[in-house]
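**Q** Structure incoming, see below.
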Amino acid sequence: MSNTMEELAEALGQDLLAHSLNCYRFFGDFHLALSGRPDAGPVYRHLMLDPVMRGIPWRRSHVWLVDEFGVDPVDERARWRLVQEVIGDHAGVPTSQLHPIPGLSRRAADDYELEIQSALEWRERGQDRLDYVLLTLSGDGTVAGLRPGCSVLSENRRHVRMIHQDDNGDADGFDHTITMTYPMINAARFVAVIVAGAENQPVIDKLVAHADKQGSADACTSLPALGLNPIGGELRWYVDRSACPTSR
């Protein structure tokens with residue numbers, strides 16, 4: 001629990017730094033998938049402004065995106081814009097290691113999944129997974145592009161999927177969106193979830209009330225965050241005081 005967003009960003013940054021260095025020592029590189037939602041902005045800015053965070057091995061990092069609208073990465077509405085403008089433009093990650101989702105392509109999900117697999121295939125079997133995934137939690141329980149009632153919630157094989165407007169996930173009003181699925185997210189070594197702001201207090205209350213159903217397929221249909229259940233990895237929540245004013 002953090003009293004302020006600044007404290008939350010510092011706590012997350014310290015954990016990210018330690019984890020990234022461990023992965024770099026073991027594999028020689030670091031693969032992280034980031035949220036492009038506004039709630040993550042203060043954390044990304046902290047990573048760029050705090051001199052200690054320069055210890056993250058950015059030049060050996062591959063930066064992926066957890067979900068994207070059906071738009072070009074340079075479109076002002078694109079999720080990627082936040083990641084590019086704060087981290088991509090300032091962290092020193094080589095351009096070839098920045099991986100936006102080609103949102104306009106009808107093959108975006110297939111191509112992105114293949115791109116991730118190709119980047120990780122040199123690692124030995126069982127180690128070929130994302131090292132770190134950073135998510136934000138929305139007031140309806142959405143994480144990444146996994147919305148309540150969306151058919152993609154039941155995906156148990158594919159790692160990246162496209163959600164069309166006629167799906168009951170409604171694609172955020174776009175013709176389609178692209179998202180990483182539970183199989184990809186839950187395979188990661190470390191999953192971090194940011195929960196900030198008083199508007200998220202009701203969803204925190206729901207998550208606490210249904211904590212015993214974490215990982216349940218039925219529960220995640222109405223509250224997708226309950227589908228976060230890393231296999232052989234760690235799930236850590238970063239919550240500020242305004243989202244959870246009473247200690248739980």
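Chain lettering (A, B, ...) mirrors the order of the structure tokens, residue numbering begins at 1 for each chain separately, and ligand numbering begins at 1 in order of display.
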Find the residues near stretch 235-237 of chain A: any atom within 10 Å, counting only C-alpha atoms, skip ones fewer than 4 places away on the same chain, and give them as a compact mmCIF listing (two decimals) with C-alpha atoms, in the first residue's frame.
**A**
```
# COMPACT_ATOMS: atom_id res chain seq x y z
CA MET A 1 0.00 0.00 0.00
CA LEU A 8 3.68 3.71 -5.65
CA LEU A 12 7.26 -0.46 -8.42
CA ASP A 15 11.04 -4.05 -7.83
CA VAL A 133 4.22 -7.60 -17.51
CA LEU A 134 2.89 -4.29 -16.21
CA LEU A 135 -0.89 -3.83 -16.19
CA THR A 136 -3.31 -1.20 -14.98
CA LEU A 137 -6.71 -1.99 -13.48
CA ASN A 186 0.11 -15.71 -16.67
CA ALA A 188 5.31 -14.19 -17.23
CA ARG A 189 7.90 -14.28 -14.47
CA PHE A 190 6.50 -11.16 -12.82
CA VAL A 191 3.09 -9.52 -13.26
CA ALA A 192 2.65 -6.05 -11.76
CA VAL A 193 -0.75 -4.35 -11.50
CA ILE A 194 -1.19 -0.62 -10.87
CA VAL A 195 -4.37 0.45 -9.06
CA LEU A 228 -4.50 -13.12 -13.23
CA ASN A 229 -2.84 -16.21 -11.81
CA PRO A 230 0.83 -16.51 -12.86
CA ILE A 231 2.14 -20.04 -13.24
```
**Q** Go through stretch 90-198 of chain A residue by residue and, counting only C-alpha atoms, keep those with an atom at most 12 Å from stretch 47-60 of chain A; for each kept residue give the shortest atom pair and its distance in Å to one decimal, ordered by chain and increasing number, as a tab-separated table.
**A**
```
residue	atom	partner	partner_atom	distance
A:His90	CA	A:Met48	CA	7.1
A:Ala91	CA	A:Trp58	CA	6.3
A:Gly92	CA	A:Arg59	CA	5.9
A:Val93	CA	A:Arg59	CA	4.8
A:Pro94	CA	A:Arg59	CA	6.2
A:Thr95	CA	A:Arg59	CA	9.8
A:Ser96	CA	A:Arg59	CA	10.6
A:Gln97	CA	A:Arg60	CA	8.3
A:Leu98	CA	A:Arg59	CA	10.6
```
**Q** In Å, rounded to a single decimal, give me how far atom CA of A:Gln14 is from atom CA of A:Leu130.
**A** 18.8 Å
**Q** Contacts between stretch 65-73 of chain A and stretch 116-211 of chain A, please, where a residue of stretch 116-211 of chain A counts if it comes within 6 Å (with only C-alpha atoms); show its shortest atom pair and distance in Å to one decimal, rows by chain and ascending number, as a Markdown table.
**A**
```
| residue | atom | partner | partner_atom | distance |
| --- | --- | --- | --- | --- |
| A:Ala144 | CA | A:Asp67 | CA | 5.5 |
| A:Gly145 | CA | A:Asp67 | CA | 5.4 |
| A:His176 | CA | A:Gly70 | CA | 5.1 |
| A:Thr177 | CA | A:Phe69 | CA | 4.4 |
| A:Ile178 | CA | A:Glu68 | CA | 5.3 |
| A:Thr179 | CA | A:Asp67 | CA | 4.1 |
| A:Met180 | CA | A:Val66 | CA | 5.4 |
```
**Q** Any chance you can output those residues with C-alpha atoms as a compact mmCIF listing (two decimals), in the first residue's frame?
**A**
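Result went into selection_4.txt, see below:
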```txt
# COMPACT_ATOMS: atom_id res chain seq x y z
CA ALA A 144 -4.87 -5.33 -20.68
CA GLY A 145 -7.66 -5.56 -23.29
CA HIS A 176 -11.13 -3.95 -33.24
CA THR A 177 -8.51 -4.07 -30.50
CA ILE A 178 -5.60 -6.44 -29.93
CA THR A 179 -4.65 -7.86 -26.55
CA MET A 180 -2.36 -10.32 -24.84
```
**Q** Identify which of the residues A:Asp218, A:Asp75, A:Asp131, A:Glu10 lies closest to A:Leu153, counting only C-alpha atoms when measuring atom-to-atom distances.
**A**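 Of A:Asp218, A:Asp75, A:Asp131, A:Glu10, the one nearest A:Leu153, counting only C-alpha atoms, is A:Asp218.
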**Q** Can you work out the spacing between atom CA of A:Pro224 and atom CA of A:Ala109 in Å, to one decimal?
**A**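 If I compute the distance from atom CA of A:Pro224 to atom CA of A:Ala109, I get 19.8 Å.
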**Q** According to DSSP computed on the backbone, where in stretch 9-233 of chain A is there helix (DSSP H, G or I)? Give the residues as number ranges by chain.
**A** A: 9-27, 38-49, 51-55, 58-60, 80-88, 95-97, 108-120, 151-154, 170-173, 182-185, 198-209, 211-213, 217-222, 224-227
**Q** Leaving out stretch 197-213 of chain A and any residue of its chain fewer than 5 positions from it, which residues lie within 9 Å of it when counting only C-alpha atoms, given as a list in words?
**A** Met5, Asp39, Leu137, Ser138, Gly139, Asp140, Gly141, Asp218, Ala219, Cys220, Leu223, Ala225, Leu226, Gly227, Val239, Asp240, Arg241, Ser242, Ala243, Cys244, Pro245 and Arg248 of chain A
**Q** Print the selection's residues with N, CA and C atoms to a file, as a PDB file, in the first residue's frame.
**A**
```
ATOM      1  N   MET A   5       0.786   8.422  -5.297  1.00  0.00           N
ATOM      2  CA  MET A   5       1.207   7.842  -6.566  1.00  0.00           C
ATOM      3  C   MET A   5       2.727   7.860  -6.681  1.00  0.00           C
ATOM      4  N   ASP A  39      -2.991   5.576 -16.610  1.00  0.00           N
ATOM      5  CA  ASP A  39      -2.622   5.321 -15.213  1.00  0.00           C
ATOM      6  C   ASP A  39      -1.155   4.935 -15.059  1.00  0.00           C
ATOM      7  N   LEU A 137      -5.363  -1.478 -13.744  1.00  0.00           N
ATOM      8  CA  LEU A 137      -6.706  -1.994 -13.482  1.00  0.00           C
ATOM      9  C   LEU A 137      -7.732  -0.897 -13.717  1.00  0.00           C
ATOM     10  N   SER A 138      -8.756  -1.205 -14.518  1.00  0.00           N
ATOM     11  CA  SER A 138      -9.850  -0.264 -14.750  1.00  0.00           C
ATOM     12  C   SER A 138     -10.980  -0.519 -13.762  1.00  0.00           C
ATOM     13  N   GLY A 139     -11.895   0.423 -13.664  1.00  0.00           N
ATOM     14  CA  GLY A 139     -12.967   0.343 -12.690  1.00  0.00           C
ATOM     15  C   GLY A 139     -13.917  -0.815 -12.873  1.00  0.00           C
ATOM     16  N   ASP A 140     -13.963  -1.380 -14.084  1.00  0.00           N
ATOM     17  CA  ASP A 140     -14.832  -2.537 -14.329  1.00  0.00           C
ATOM     18  C   ASP A 140     -14.083  -3.858 -14.223  1.00  0.00           C
ATOM     19  N   GLY A 141     -12.823  -3.800 -13.786  1.00  0.00           N
ATOM     20  CA  GLY A 141     -12.035  -5.020 -13.640  1.00  0.00           C
ATOM     21  C   GLY A 141     -11.214  -5.387 -14.852  1.00  0.00           C
ATOM     22  N   ASP A 218     -15.028 -18.872 -14.248  1.00  0.00           N
ATOM     23  CA  ASP A 218     -16.343 -18.248 -14.097  1.00  0.00           C
ATOM     24  C   ASP A 218     -16.222 -16.841 -13.525  1.00  0.00           C
ATOM     25  N   ALA A 219     -15.384 -16.667 -12.532  1.00  0.00           N
ATOM     26  CA  ALA A 219     -15.242 -15.367 -11.874  1.00  0.00           C
ATOM     27  C   ALA A 219     -14.652 -14.319 -12.805  1.00  0.00           C
ATOM     28  N   CYS A 220     -13.698 -14.712 -13.650  1.00  0.00           N
ATOM     29  CA  CYS A 220     -13.034 -13.723 -14.491  1.00  0.00           C
ATOM     30  C   CYS A 220     -13.935 -13.212 -15.609  1.00  0.00           C
ATOM     31  N   LEU A 223     -15.238 -10.229 -13.819  1.00  0.00           N
ATOM     32  CA  LEU A 223     -14.168  -9.441 -13.205  1.00  0.00           C
ATOM     33  C   LEU A 223     -12.827  -9.973 -13.720  1.00  0.00           C
ATOM     34  N   ALA A 225      -9.802  -9.184 -13.846  1.00  0.00           N
ATOM     35  CA  ALA A 225      -8.583  -9.169 -13.028  1.00  0.00           C
ATOM     36  C   ALA A 225      -8.429 -10.440 -12.209  1.00  0.00           C
ATOM     37  N   LEU A 226      -9.541 -11.129 -11.945  1.00  0.00           N
ATOM     38  CA  LEU A 226      -9.463 -12.384 -11.195  1.00  0.00           C
ATOM     39  C   LEU A 226      -8.817 -13.499 -12.017  1.00  0.00           C
ATOM     40  N   GLY A 227      -8.661 -13.277 -13.309  1.00  0.00           N
ATOM     41  CA  GLY A 227      -8.006 -14.268 -14.157  1.00  0.00           C
ATOM     42  C   GLY A 227      -6.493 -14.210 -14.093  1.00  0.00           C
ATOM     43  N   VAL A 239      -0.967  -0.520  -5.084  1.00  0.00           N
ATOM     44  CA  VAL A 239      -2.221   0.191  -4.829  1.00  0.00           C
ATOM     45  C   VAL A 239      -1.940   1.461  -4.041  1.00  0.00           C
ATOM     46  N   ASP A 240      -2.548   2.576  -4.458  1.00  0.00           N
ATOM     47  CA  ASP A 240      -2.369   3.791  -3.670  1.00  0.00           C
ATOM     48  C   ASP A 240      -3.513   3.962  -2.674  1.00  0.00           C
ATOM     49  N   ARG A 241      -3.307   4.834  -1.707  1.00  0.00           N
ATOM     50  CA  ARG A 241      -4.237   4.987  -0.594  1.00  0.00           C
ATOM     51  C   ARG A 241      -5.625   5.420  -1.052  1.00  0.00           C
ATOM     52  N   SER A 242      -5.708   6.225  -2.105  1.00  0.00           N
ATOM     53  CA  SER A 242      -7.017   6.696  -2.550  1.00  0.00           C
ATOM     54  C   SER A 242      -7.869   5.568  -3.117  1.00  0.00           C
ATOM     55  N   ALA A 243      -7.225   4.537  -3.670  1.00  0.00           N
ATOM     56  CA  ALA A 243      -7.970   3.392  -4.203  1.00  0.00           C
ATOM     57  C   ALA A 243      -8.358   2.410  -3.111  1.00  0.00           C
ATOM     58  N   CYS A 244      -7.662   2.474  -1.999  1.00  0.00           N
ATOM     59  CA  CYS A 244      -7.920   1.540  -0.892  1.00  0.00           C
ATOM     60  C   CYS A 244      -7.685   2.279   0.423  1.00  0.00           C
ATOM     61  N   PRO A 245      -8.619   3.171   0.798  1.00  0.00           N
ATOM     62  CA  PRO A 245      -8.399   4.049   1.949  1.00  0.00           C
ATOM     63  C   PRO A 245      -8.315   3.350   3.292  1.00  0.00           C
ATOM     64  N   ARG A 248      -6.463  -3.422   4.233  1.00  0.00           N
ATOM     65  CA  ARG A 248      -7.103  -4.723   4.050  1.00  0.00           C
ATOM     66  C   ARG A 248      -6.056  -5.813   4.179  1.00  0.00           C
TER      67      ARG A 248
END
```
**Q** Could you pull out the residues in stretch 39-164 of chain A that DSSP calls strand (DSSP E or B) from the backbone, as a PyMOL selection string?
**A** chain A and resi 61-65+67-69+98+132-136+143+146+160-164
**Q** From the set A:Ser105, A:Ser20, A:Asn3, A:Ser61, which residue has the shortest atom-to-atom contact distance to A:Met162, counting only C-alpha atoms?
**A**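 Under the stated criterion, the closest residue is A:Ser105.
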**Q** Atom CA of A:Ser154 and atom CA of A:Ile101, how far apart in Å?
**A**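 Distance between the two atoms: 21.9 Å.
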